[in-house]
Amino acid sequence: MNDAAAPIRVVALWCPDWPVVAACAESGIPADRPAAVLVAHRVVACSATARAQGIRRGLRRREAQARCPDLAVLGRDADRDARAFEVVAAAVEEITPGVEVIRPGLVVLAARGPARYFGSEEVVAERLVDHVASRARVECQVGVADGVFAAALAARRSALVPPGGSAAFLAPRPVTELEMEPGVEPDTAGADVPGATARAELVGLLRRLGLTTLGDFAALSAADVASRFDAAAVRAHRLARGLDERPPSRRRVPDELTVEVPLDPPVDRVDAAAFASRALAERLHAVLGDAGLACTRLGVQARTTSGDELARTWRCAEPLTPAATADRVRWQLEGWLSRRRETPSHGGEGLTVLRLVPEEVVDAGRLQLGLWGETGVADERAGRALVRVQGLLGPEEVLTGVPGGGRGPAERVVPVPWGDERTPSLDPAAPWPGMLPAPSPSTVPPAPLPASVLDAHGRPVRAAPRGGLSAAPAQVALGDGSPPAPVRAWGGPWPEEGRWWDPRGPAGCLRVQVVCVPPVSWPAAGTTGELGDGPRADGGDDPDPAADLAPDPAASSADAVGLALLLVLRDDRWAVEGIYD
């Protein structure tokens, strides 16, 4: 992403110490008793009363019990945490739609809609805190900021960061806050998550370099970070600067990527739901694999026997594997079934349809395994090289082409900086009246090259009413003073009306495809280094733009037919907009 793309406003709702809260609720432990969740004999989460007696994350079990003999030791259970958090997510969804679960204990949603409905972001925060407390009987904190990362940290402090103030809000925070990034948070995932381990290693390195705050890290130039660190550090650097990689926005995906399964008989038990979720997760990843995609935002939808539609969105920092997908689906189904069993009006209801919707997808190369099980080693190596080049030349100097929406050939391919989300601003699948039919030109000059189009009597061909031409093209001349070439065949025209309602918008135009035979006086291809006017590769001048377009007679069999050009008539001037092989 380029820096001009500011993150959208995000509301984050965080339930402090959620693994402990869920474990105590299931075990019947009083809320005022010190409690901690341990993994591998180390504390990964503890309650406020435990912290008051000196318990900290990372302590060994023996030391924690020595500091607090009355400490309730609890084990980690991701299913339990997700099942219990469904009540909180449902309470938030009663206030505003579009809730995304980052992990049990943290949800985010776009702030614009709720703020406009309730009047302000402050009112939204108050409504969420009060409603969750009354419906779910748990405490929560709400933060609002630009971007998911800043909003999650703001929620830990119940802060409402003003628009544009995320960078200033993050600057005094310690670099250890990078370990709190949503989706790879180690206090609930444990040390078995590669993303959490990599981020912990980066934080340790930054502290050894003397960069102790996010502001110190953000003060480094993006070029220096890219040239000295890996892609993960570049992403962390963006977070430290108050930018975000993926805002919580909706994007329509093709319907064929959605998978669903009818459940007959209806499923009302957790074990049956787990079996169905595992099979459907494998099927989803098979469909995504065929399309070369992986899922980073998963929508879980279900229909009950009474006709109710249930839906929840799960967001992940890394592409989901089949096992991770099955876990999230199982957690969600457990939460739905458990909550509905506890509701008298829904007691005994089952699920009749289960549907998985990949709401956000990325290139599947991040998950593709190599011969020995390594994940995308070649792609990762190439990515590091491109990031290093960006560090030397600048982020905007390494571009990749992405198909985009538009009518002209130059508009149909959008250059995107390497590492940015490959999403065009305009939908290529939308209807574009006046768009050229396939195939597209194989070469598009950086700027249209001037040309002249004449009819059989040597008169200039001009635009006619109703999107036509004054005469059939018979000759084409490139540049000034070049001899005209006879036209063997032509197609079109394809009119583009332009933005007639906007005086400052682009004017309309006509496009025509022609096939002509270049005269002998046109220089051969390869005499210049690039299309269009400019210096020659050998240091000389290139006064004739036709030299860039003439084919090499030995290059292909298409030369026996002629040179195929895409011509455009705009403001009563002809120009070459593309060349066909």
# chains A, B, ... in the order shown; residues from 1 in each chain; ligands from 1
$ residues_around --residues "Cys46 of chain A" --least-positions-apart "2" --cutoff "7 Å" --atoms "only C-alpha atoms" --output "ChimeraX atom specification"
/A:17,20,35-37,48,50-51
$ write_last_selection --atoms "all heavy atoms" --output "mmCIF file, in the first residue's frame"
data_model
loop_
_atom_site.group_PDB
_atom_site.id
_atom_site.type_symbol
_atom_site.label_atom_id
_atom_site.label_comp_id
_atom_site.auth_asym_id
_atom_site.auth_seq_id
_atom_site.Cartn_x
_atom_site.Cartn_y
_atom_site.Cartn_z
ATOM 1 N N ASP A 17 -8.397 -10.169 29.540
ATOM 2 C CA ASP A 17 -8.125 -11.480 30.147
ATOM 3 C C ASP A 17 -9.197 -12.502 29.770
ATOM 4 O O ASP A 17 -9.658 -13.287 30.608
ATOM 5 C CB ASP A 17 -8.042 -11.363 31.675
ATOM 6 C CG ASP A 17 -7.171 -10.206 32.126
ATOM 7 O OD1 ASP A 17 -6.110 -10.005 31.517
ATOM 8 O OD2 ASP A 17 -7.561 -9.499 33.073
ATOM 9 N N VAL A 20 -8.998 -16.228 30.779
ATOM 10 C CA VAL A 20 -9.255 -16.438 32.204
ATOM 11 C C VAL A 20 -10.741 -16.294 32.505
ATOM 12 O O VAL A 20 -11.324 -17.084 33.274
ATOM 13 C CB VAL A 20 -8.428 -15.453 33.046
ATOM 14 C CG1 VAL A 20 -8.691 -15.654 34.533
ATOM 15 C CG2 VAL A 20 -6.950 -15.601 32.744
ATOM 16 N N ALA A 35 -6.631 -15.989 39.306
ATOM 17 C CA ALA A 35 -6.637 -17.116 38.372
ATOM 18 C C ALA A 35 -5.693 -16.815 37.226
ATOM 19 O O ALA A 35 -5.440 -15.651 36.888
ATOM 20 C CB ALA A 35 -8.057 -17.378 37.835
ATOM 21 N N ALA A 36 -5.178 -17.894 36.625
ATOM 22 C CA ALA A 36 -4.250 -17.751 35.496
ATOM 23 C C ALA A 36 -4.405 -18.956 34.581
ATOM 24 O O ALA A 36 -4.700 -20.071 35.034
ATOM 25 C CB ALA A 36 -2.807 -17.620 35.976
ATOM 26 N N VAL A 37 -4.208 -18.714 33.287
ATOM 27 C CA VAL A 37 -4.197 -19.773 32.279
ATOM 28 C C VAL A 37 -2.746 -20.065 31.928
ATOM 29 O O VAL A 37 -1.976 -19.143 31.629
ATOM 30 C CB VAL A 37 -4.991 -19.357 31.028
ATOM 31 C CG1 VAL A 37 -4.831 -20.379 29.915
ATOM 32 C CG2 VAL A 37 -6.458 -19.176 31.376
ATOM 33 N N ALA A 48 -7.063 -9.736 36.810
ATOM 34 C CA ALA A 48 -6.589 -8.512 37.456
ATOM 35 C C ALA A 48 -6.213 -8.758 38.918
ATOM 36 O O ALA A 48 -5.234 -8.200 39.423
ATOM 37 C CB ALA A 48 -7.662 -7.436 37.349
ATOM 38 N N ALA A 50 -5.020 -11.482 40.120
ATOM 39 C CA ALA A 50 -3.737 -12.187 40.122
ATOM 40 C C ALA A 50 -2.584 -11.217 39.854
ATOM 41 O O ALA A 50 -1.514 -11.325 40.465
ATOM 42 C CB ALA A 50 -3.753 -13.300 39.075
ATOM 43 N N ARG A 51 -2.796 -10.269 38.949
ATOM 44 C CA ARG A 51 -1.740 -9.288 38.685
ATOM 45 C C ARG A 51 -1.471 -8.435 39.910
ATOM 46 O O ARG A 51 -0.336 -8.009 40.150
ATOM 47 C CB ARG A 51 -2.136 -8.403 37.502
ATOM 48 C CG ARG A 51 -1.957 -9.081 36.157
ATOM 49 C CD ARG A 51 -2.072 -8.075 35.022
ATOM 50 N NE ARG A 51 -3.412 -7.506 34.954
ATOM 51 C CZ ARG A 51 -4.417 -8.042 34.259
ATOM 52 N NH1 ARG A 51 -4.219 -9.172 33.583
ATOM 53 N NH2 ARG A 51 -5.610 -7.467 34.236
#
$ residues_around --residues "segment 291-305 of chain A" --least-positions-apart "4" --cutoff "8 Å" --atoms "only C-alpha atoms" --output "PyMOL selection string"
chain A and resi 266+285+287+309-320+325+329+332+349-365+367
$ select_by_dssp --residues "segment 244-341 of chain A" --states "helix (DSSP H, G or I)" --output "ChimeraX atom specification"
/A:255-257,270-290,322-341
$ write_last_selection --atoms "N, CA and C atoms" --output "compact mmCIF listing (two decimals), in the first residue's frame"
# COMPACT_ATOMS: atom_id res chain seq x y z
N ASP A 255 -19.28 -16.07 -6.55
CA ASP A 255 -20.18 -16.99 -5.86
C ASP A 255 -19.67 -18.42 -5.91
N GLU A 256 -18.88 -18.76 -6.95
CA GLU A 256 -18.43 -20.14 -7.06
C GLU A 256 -17.41 -20.50 -6.00
N LEU A 257 -16.85 -19.52 -5.29
CA LEU A 257 -15.91 -19.82 -4.21
C LEU A 257 -16.63 -20.16 -2.90
N VAL A 270 -22.58 -30.97 19.22
CA VAL A 270 -21.28 -30.39 18.91
C VAL A 270 -20.42 -31.36 18.13
N ASP A 271 -20.43 -32.64 18.45
CA ASP A 271 -19.56 -33.59 17.75
C ASP A 271 -19.97 -33.72 16.28
N ALA A 272 -21.27 -33.74 16.01
CA ALA A 272 -21.72 -33.80 14.62
C ALA A 272 -21.36 -32.51 13.89
N ALA A 273 -21.46 -31.37 14.58
CA ALA A 273 -21.08 -30.11 13.96
C ALA A 273 -19.59 -30.08 13.63
N ALA A 274 -18.76 -30.65 14.52
CA ALA A 274 -17.31 -30.68 14.28
C ALA A 274 -16.99 -31.53 13.05
N PHE A 275 -17.68 -32.66 12.88
CA PHE A 275 -17.45 -33.50 11.71
C PHE A 275 -17.84 -32.77 10.43
N ALA A 276 -18.99 -32.09 10.43
CA ALA A 276 -19.43 -31.36 9.24
C ALA A 276 -18.49 -30.20 8.92
N SER A 277 -17.99 -29.52 9.95
CA SER A 277 -17.10 -28.38 9.71
C SER A 277 -15.78 -28.83 9.11
N ARG A 278 -15.26 -29.98 9.54
CA ARG A 278 -13.99 -30.46 9.01
C ARG A 278 -14.11 -30.80 7.52
N ALA A 279 -15.18 -31.49 7.15
CA ALA A 279 -15.35 -31.86 5.75
C ALA A 279 -15.57 -30.63 4.87
N LEU A 280 -16.35 -29.67 5.36
CA LEU A 280 -16.62 -28.48 4.56
C LEU A 280 -15.38 -27.60 4.44
N ALA A 281 -14.54 -27.56 5.48
CA ALA A 281 -13.30 -26.79 5.41
C ALA A 281 -12.35 -27.37 4.35
N GLU A 282 -12.25 -28.68 4.28
CA GLU A 282 -11.42 -29.30 3.25
C GLU A 282 -11.96 -28.99 1.86
N ARG A 283 -13.27 -29.00 1.73
CA ARG A 283 -13.87 -28.70 0.44
C ARG A 283 -13.63 -27.25 0.03
N LEU A 284 -13.72 -26.33 1.00
CA LEU A 284 -13.46 -24.91 0.70
C LEU A 284 -12.04 -24.71 0.21
N HIS A 285 -11.09 -25.33 0.87
CA HIS A 285 -9.69 -25.13 0.47
C HIS A 285 -9.38 -25.82 -0.85
N ALA A 286 -10.11 -26.86 -1.19
CA ALA A 286 -9.94 -27.46 -2.51
C ALA A 286 -10.42 -26.49 -3.59
N VAL A 287 -11.55 -25.82 -3.35
CA VAL A 287 -12.07 -24.84 -4.31
C VAL A 287 -11.12 -23.66 -4.44
N LEU A 288 -10.64 -23.16 -3.30
CA LEU A 288 -9.71 -22.03 -3.33
C LEU A 288 -8.38 -22.43 -3.99
N GLY A 289 -7.93 -23.66 -3.72
CA GLY A 289 -6.69 -24.11 -4.33
C GLY A 289 -6.78 -24.18 -5.84
N ASP A 290 -7.93 -24.61 -6.36
CA ASP A 290 -8.12 -24.65 -7.82
C ASP A 290 -8.05 -23.25 -8.42
N PRO A 322 -6.42 -25.44 6.11
CA PRO A 322 -7.65 -26.23 6.31
C PRO A 322 -7.92 -26.51 7.78
N ALA A 323 -6.88 -26.82 8.56
CA ALA A 323 -7.08 -27.10 9.98
C ALA A 323 -7.55 -25.85 10.72
N ALA A 324 -6.95 -24.68 10.42
CA ALA A 324 -7.36 -23.44 11.08
C ALA A 324 -8.79 -23.07 10.70
N THR A 325 -9.15 -23.32 9.45
CA THR A 325 -10.52 -23.05 9.02
C THR A 325 -11.51 -23.95 9.77
N ALA A 326 -11.19 -25.24 9.86
CA ALA A 326 -12.07 -26.17 10.57
C ALA A 326 -12.21 -25.78 12.03
N ASP A 327 -11.11 -25.31 12.67
CA ASP A 327 -11.19 -24.88 14.07
C ASP A 327 -12.16 -23.72 14.23
N ARG A 328 -12.05 -22.71 13.36
CA ARG A 328 -12.92 -21.54 13.51
C ARG A 328 -14.38 -21.88 13.24
N VAL A 329 -14.61 -22.75 12.27
CA VAL A 329 -15.99 -23.17 12.00
C VAL A 329 -16.53 -23.95 13.19
N ARG A 330 -15.73 -24.85 13.74
CA ARG A 330 -16.17 -25.63 14.90
C ARG A 330 -16.45 -24.72 16.10
N TRP A 331 -15.56 -23.76 16.34
CA TRP A 331 -15.79 -22.83 17.44
C TRP A 331 -17.11 -22.09 17.27
N GLN A 332 -17.36 -21.63 16.03
CA GLN A 332 -18.56 -20.84 15.81
C GLN A 332 -19.81 -21.69 15.97
N LEU A 333 -19.78 -22.92 15.45
CA LEU A 333 -20.95 -23.79 15.59
C LEU A 333 -21.20 -24.16 17.04
N GLU A 334 -20.13 -24.40 17.79
CA GLU A 334 -20.30 -24.68 19.21
C GLU A 334 -20.94 -23.50 19.93
N GLY A 335 -20.48 -22.29 19.58
CA GLY A 335 -21.07 -21.12 20.22
C GLY A 335 -22.53 -20.95 19.89
N TRP A 336 -22.89 -21.16 18.62
CA TRP A 336 -24.30 -21.04 18.25
C TRP A 336 -25.16 -22.09 18.93
N LEU A 337 -24.71 -23.35 18.87
CA LEU A 337 -25.52 -24.43 19.45
C LEU A 337 -25.66 -24.27 20.95
N SER A 338 -24.57 -23.92 21.63
CA SER A 338 -24.63 -23.76 23.08
C SER A 338 -25.55 -22.62 23.47
N ARG A 339 -25.46 -21.51 22.75
CA ARG A 339 -26.30 -20.35 23.11
C ARG A 339 -27.77 -20.63 22.84
N ARG A 340 -28.08 -21.34 21.77
CA ARG A 340 -29.47 -21.60 21.44
C ARG A 340 -30.07 -22.65 22.37
N ARG A 341 -29.24 -23.58 22.88
CA ARG A 341 -29.75 -24.54 23.85
C ARG A 341 -30.14 -23.86 25.16
$ residues_around --residues "Ile29 of chain A" --least-positions-apart "5" --cutoff "12 Å" --atoms "only C-alpha atoms" --output "compact mmCIF listing (two decimals) with C-alpha atoms, in the first residue's frame"
# COMPACT_ATOMS: atom_id res chain seq x y z
CA VAL A 20 -9.26 -16.44 32.20
CA VAL A 21 -12.81 -15.08 32.15
CA ALA A 22 -14.05 -17.97 29.99
CA ALA A 23 -12.21 -20.60 32.06
CA CYS A 24 -13.50 -19.22 35.38
CA PRO A 34 -6.79 -14.93 41.48
CA ALA A 35 -6.64 -17.12 38.37
CA ALA A 36 -4.25 -17.75 35.50
CA SER A 47 -6.83 -12.00 35.99
CA ASP A 70 -4.42 -19.21 46.27
CA LEU A 71 -3.90 -18.97 42.50
CA ALA A 72 -6.41 -21.01 40.44
CA VAL A 73 -4.41 -22.74 37.71
CA LEU A 74 -6.38 -23.28 34.50
$ residues_around --residues "Gly492 of chain A" --least-positions-apart "5" --cutoff "12 Å" --atoms "only C-alpha atoms" --output "list in words"
Gly434, Met435, Leu436, Pro437, Gly467, Gly468, Leu469, Ala472, Pro473, Leu510, Arg511, Val512, Gln513, Val514, Leu566, Leu567, Val568 and Leu569 of chain A
$ write_last_selection --atoms "all heavy atoms" --output "short mmCIF file (atom, residue, chain, number, x, y, z; two decimals), in the first residue's frame"
data_model
loop_
_atom_site.label_atom_id
_atom_site.label_comp_id
_atom_site.auth_asym_id
_atom_site.auth_seq_id
_atom_site.Cartn_x
_atom_site.Cartn_y
_atom_site.Cartn_z
N GLY A 434 -18.46 0.79 -24.42
CA GLY A 434 -17.38 1.28 -25.26
C GLY A 434 -16.07 0.56 -25.06
O GLY A 434 -15.07 0.91 -25.69
N MET A 435 -16.04 -0.46 -24.19
CA MET A 435 -14.81 -1.20 -23.94
C MET A 435 -14.44 -2.03 -25.18
O MET A 435 -15.30 -2.58 -25.86
CB MET A 435 -14.97 -2.11 -22.73
CG MET A 435 -13.72 -2.87 -22.34
SD MET A 435 -14.02 -4.01 -20.97
CE MET A 435 -15.05 -5.24 -21.78
N LEU A 436 -13.15 -2.13 -25.45
CA LEU A 436 -12.68 -2.90 -26.58
C LEU A 436 -12.93 -4.39 -26.36
O LEU A 436 -12.76 -4.89 -25.24
CB LEU A 436 -11.18 -2.68 -26.80
CG LEU A 436 -10.77 -1.35 -27.39
CD1 LEU A 436 -9.26 -1.24 -27.39
CD2 LEU A 436 -11.30 -1.19 -28.79
N PRO A 437 -13.30 -5.11 -27.40
CA PRO A 437 -13.43 -6.57 -27.26
C PRO A 437 -12.07 -7.24 -27.22
O PRO A 437 -11.06 -6.64 -27.60
CB PRO A 437 -14.22 -6.97 -28.52
CG PRO A 437 -13.86 -5.93 -29.53
CD PRO A 437 -13.68 -4.65 -28.76
N GLY A 467 -21.40 8.30 -33.34
CA GLY A 467 -20.26 7.41 -33.11
C GLY A 467 -19.70 6.75 -34.34
O GLY A 467 -19.09 5.67 -34.23
N GLY A 468 -19.85 7.35 -35.51
CA GLY A 468 -19.31 6.78 -36.73
C GLY A 468 -18.11 7.55 -37.23
O GLY A 468 -17.58 8.46 -36.58
N LEU A 469 -17.63 7.16 -38.43
CA LEU A 469 -16.51 7.81 -39.08
C LEU A 469 -16.99 8.47 -40.36
O LEU A 469 -17.95 8.01 -41.01
CB LEU A 469 -15.40 6.79 -39.39
CG LEU A 469 -14.73 6.12 -38.20
CD1 LEU A 469 -13.73 5.07 -38.69
CD2 LEU A 469 -14.04 7.14 -37.31
N ALA A 472 -14.24 5.38 -44.59
CA ALA A 472 -13.50 4.19 -44.19
C ALA A 472 -12.01 4.48 -44.22
O ALA A 472 -11.50 5.09 -45.17
CB ALA A 472 -13.83 3.02 -45.12
N PRO A 473 -11.26 4.07 -43.20
CA PRO A 473 -9.80 4.29 -43.22
C PRO A 473 -9.16 3.51 -44.38
O PRO A 473 -9.43 2.33 -44.57
CB PRO A 473 -9.35 3.75 -41.86
CG PRO A 473 -10.58 3.75 -41.01
CD PRO A 473 -11.71 3.47 -41.93
N LEU A 510 -13.04 7.85 -30.16
CA LEU A 510 -13.38 6.71 -31.01
C LEU A 510 -12.13 5.85 -31.15
O LEU A 510 -11.02 6.38 -31.31
CB LEU A 510 -13.84 7.18 -32.39
CG LEU A 510 -15.19 7.90 -32.49
CD1 LEU A 510 -15.39 8.39 -33.91
CD2 LEU A 510 -16.32 6.96 -32.10
N ARG A 511 -12.32 4.54 -31.09
CA ARG A 511 -11.20 3.62 -31.27
C ARG A 511 -11.46 2.75 -32.49
O ARG A 511 -12.58 2.29 -32.72
CB ARG A 511 -11.00 2.76 -30.03
CG ARG A 511 -10.48 3.53 -28.83
CD ARG A 511 -10.16 2.61 -27.65
NE ARG A 511 -9.51 3.33 -26.57
CZ ARG A 511 -10.17 3.94 -25.59
NH1 ARG A 511 -11.50 3.90 -25.56
NH2 ARG A 511 -9.50 4.58 -24.65
N VAL A 512 -10.38 2.51 -33.24
CA VAL A 512 -10.46 1.73 -34.46
C VAL A 512 -9.27 0.79 -34.50
O VAL A 512 -8.14 1.17 -34.14
CB VAL A 512 -10.45 2.65 -35.71
CG1 VAL A 512 -10.46 1.81 -36.99
CG2 VAL A 512 -11.63 3.59 -35.68
N GLN A 513 -9.50 -0.44 -34.91
CA GLN A 513 -8.43 -1.41 -35.15
C GLN A 513 -8.16 -1.48 -36.64
O GLN A 513 -9.09 -1.59 -37.44
CB GLN A 513 -8.82 -2.79 -34.62
CG GLN A 513 -9.00 -2.86 -33.12
CD GLN A 513 -9.59 -4.17 -32.66
OE1 GLN A 513 -10.30 -4.82 -33.42
NE2 GLN A 513 -9.31 -4.56 -31.43
N VAL A 514 -6.88 -1.38 -37.02
CA VAL A 514 -6.50 -1.44 -38.42
C VAL A 514 -5.35 -2.42 -38.59
O VAL A 514 -4.56 -2.65 -37.66
CB VAL A 514 -6.07 -0.05 -38.96
CG1 VAL A 514 -7.21 0.95 -38.84
CG2 VAL A 514 -4.85 0.46 -38.23
N LEU A 566 -4.02 -0.33 -32.80
CA LEU A 566 -5.22 0.23 -32.18
C LEU A 566 -5.08 1.75 -32.25
O LEU A 566 -4.17 2.32 -31.63
CB LEU A 566 -5.37 -0.23 -30.74
CG LEU A 566 -6.51 0.41 -29.95
CD1 LEU A 566 -7.86 0.06 -30.57
CD2 LEU A 566 -6.48 -0.01 -28.48
N LEU A 567 -5.96 2.41 -33.00
CA LEU A 567 -5.92 3.85 -33.17
C LEU A 567 -7.06 4.48 -32.38
O LEU A 567 -8.15 3.91 -32.27
CB LEU A 567 -6.06 4.21 -34.66
CG LEU A 567 -5.01 3.59 -35.59
CD1 LEU A 567 -5.31 3.96 -37.02
CD2 LEU A 567 -3.61 4.03 -35.21
N VAL A 568 -6.82 5.67 -31.86
CA VAL A 568 -7.81 6.40 -31.09
C VAL A 568 -7.93 7.81 -31.66
O VAL A 568 -6.91 8.46 -31.98
CB VAL A 568 -7.45 6.43 -29.59
CG1 VAL A 568 -6.11 7.09 -29.35
CG2 VAL A 568 -8.54 7.14 -28.78
N LEU A 569 -9.14 8.27 -31.83
CA LEU A 569 -9.42 9.62 -32.29
C LEU A 569 -9.99 10.42 -31.13
O LEU A 569 -11.11 10.16 -30.66
CB LEU A 569 -10.42 9.59 -33.45
CG LEU A 569 -10.88 10.95 -34.00
CD1 LEU A 569 -9.69 11.76 -34.51
CD2 LEU A 569 -11.92 10.77 -35.08
#
$ closest_residue --among "A:Arg56, A:Arg112, A:Arg238, A:Arg67" --to "Leu214 of chain A" --atoms "only C-alpha atoms"
A:Arg238
$ residues_around --residues "segment 481-490 of chain A" --least-positions-apart "6" --cutoff "7 Å" --atoms "only C-alpha atoms" --output "MDAnalysis selection string"
chainID A and resid 473:475 513:519
$ residues_around --residues "Gly164 of chain A" --least-positions-apart "6" --cutoff "10 Å" --atoms "only C-alpha atoms" --output "CSV table (one decimal) with N, CA and C atoms, in the first residue's frame"
chain,number,residue,atom,x,y,z
A,6,ALA,N,-4.9,6.1,3.5
A,6,ALA,CA,-5.1,6.2,5.0
A,6,ALA,C,-6.0,5.1,5.5
A,7,PRO,N,-5.8,4.5,6.6
A,7,PRO,CA,-6.7,3.5,7.2
A,7,PRO,C,-8.0,4.1,7.5
A,8,ILE,N,-9.0,3.3,7.5
A,8,ILE,CA,-10.4,3.7,7.8
A,8,ILE,C,-10.5,3.7,9.4
A,9,ARG,N,-11.5,4.4,9.8
A,9,ARG,CA,-11.8,4.4,11.3
A,9,ARG,C,-12.4,3.1,11.7
A,145,ALA,N,-9.8,4.2,16.5
A,145,ALA,CA,-8.6,4.8,15.9
A,145,ALA,C,-8.6,4.5,14.4
A,146,ASP,N,-7.6,5.0,13.8
A,146,ASP,CA,-7.5,4.8,12.3
A,146,ASP,C,-6.7,3.5,12.2
A,242,GLY,N,1.2,4.0,12.1
A,242,GLY,CA,-0.2,4.3,12.1
A,242,GLY,C,-0.9,3.9,10.8
$ closest_residue --among "A:Asp230, A:Glu260, A:Asp130, A:Asp216" --to "Val92 of chain A" --atoms "only C-alpha atoms"
A:Asp130
$ closest_residue --among "A:Ala200, A:Leu109, A:Ala12, A:Ala64" --to "Arg156 of chain A" --atoms "only C-alpha atoms"
A:Ala12
$ decode --residues "segment 456-494 of chain A" --atoms "C-alpha atoms" --output "CSV table (one decimal), in the first residue's frame"
chain,number,residue,atom,x,y,z
A,456,ALA,CA,-9.3,6.5,-50.2
A,457,HIS,CA,-9.1,10.1,-51.6
A,458,GLY,CA,-6.4,11.2,-49.2
A,459,ARG,CA,-8.7,13.2,-47.0
A,460,PRO,CA,-8.4,13.0,-43.2
A,461,VAL,CA,-10.9,10.7,-41.5
A,462,ARG,CA,-12.9,12.4,-38.9
A,463,ALA,CA,-15.7,11.6,-36.4
A,464,ALA,CA,-19.2,11.5,-37.7
A,465,PRO,CA,-22.5,11.7,-35.8
A,466,ARG,CA,-23.7,8.8,-33.7
A,467,GLY,CA,-20.3,7.4,-33.1
A,468,GLY,CA,-19.3,6.8,-36.7
A,469,LEU,CA,-16.5,7.8,-39.1
A,470,SER,CA,-16.7,10.2,-42.0
A,471,ALA,CA,-15.1,7.6,-44.3
A,472,ALA,CA,-13.5,4.2,-44.2
A,473,PRO,CA,-9.8,4.3,-43.2
A,474,ALA,CA,-7.6,3.6,-46.3
A,475,GLN,CA,-4.2,4.8,-45.2
A,476,VAL,CA,-2.3,5.3,-42.0
A,477,ALA,CA,0.8,7.5,-41.4
A,478,LEU,CA,2.8,7.5,-38.2
A,479,GLY,CA,4.5,10.7,-36.9
A,480,ASP,CA,5.2,13.7,-39.1
A,481,GLY,CA,6.4,13.2,-42.6
A,482,SER,CA,6.2,9.3,-42.6
A,483,PRO,CA,4.8,7.8,-45.8
A,484,PRO,CA,1.3,6.4,-45.4
A,485,ALA,CA,0.7,2.6,-45.3
A,486,PRO,CA,-2.3,1.1,-47.0
A,487,VAL,CA,-4.9,-0.4,-44.7
A,488,ARG,CA,-5.8,-4.0,-45.5
A,489,ALA,CA,-8.6,-4.4,-43.0
A,490,TRP,CA,-10.1,-2.4,-40.1
A,491,GLY,CA,-12.7,-2.9,-37.4
A,492,GLY,CA,-14.8,-0.6,-35.3
A,493,PRO,CA,-15.3,2.1,-34.4
A,494,TRP,CA,-15.9,1.7,-30.7
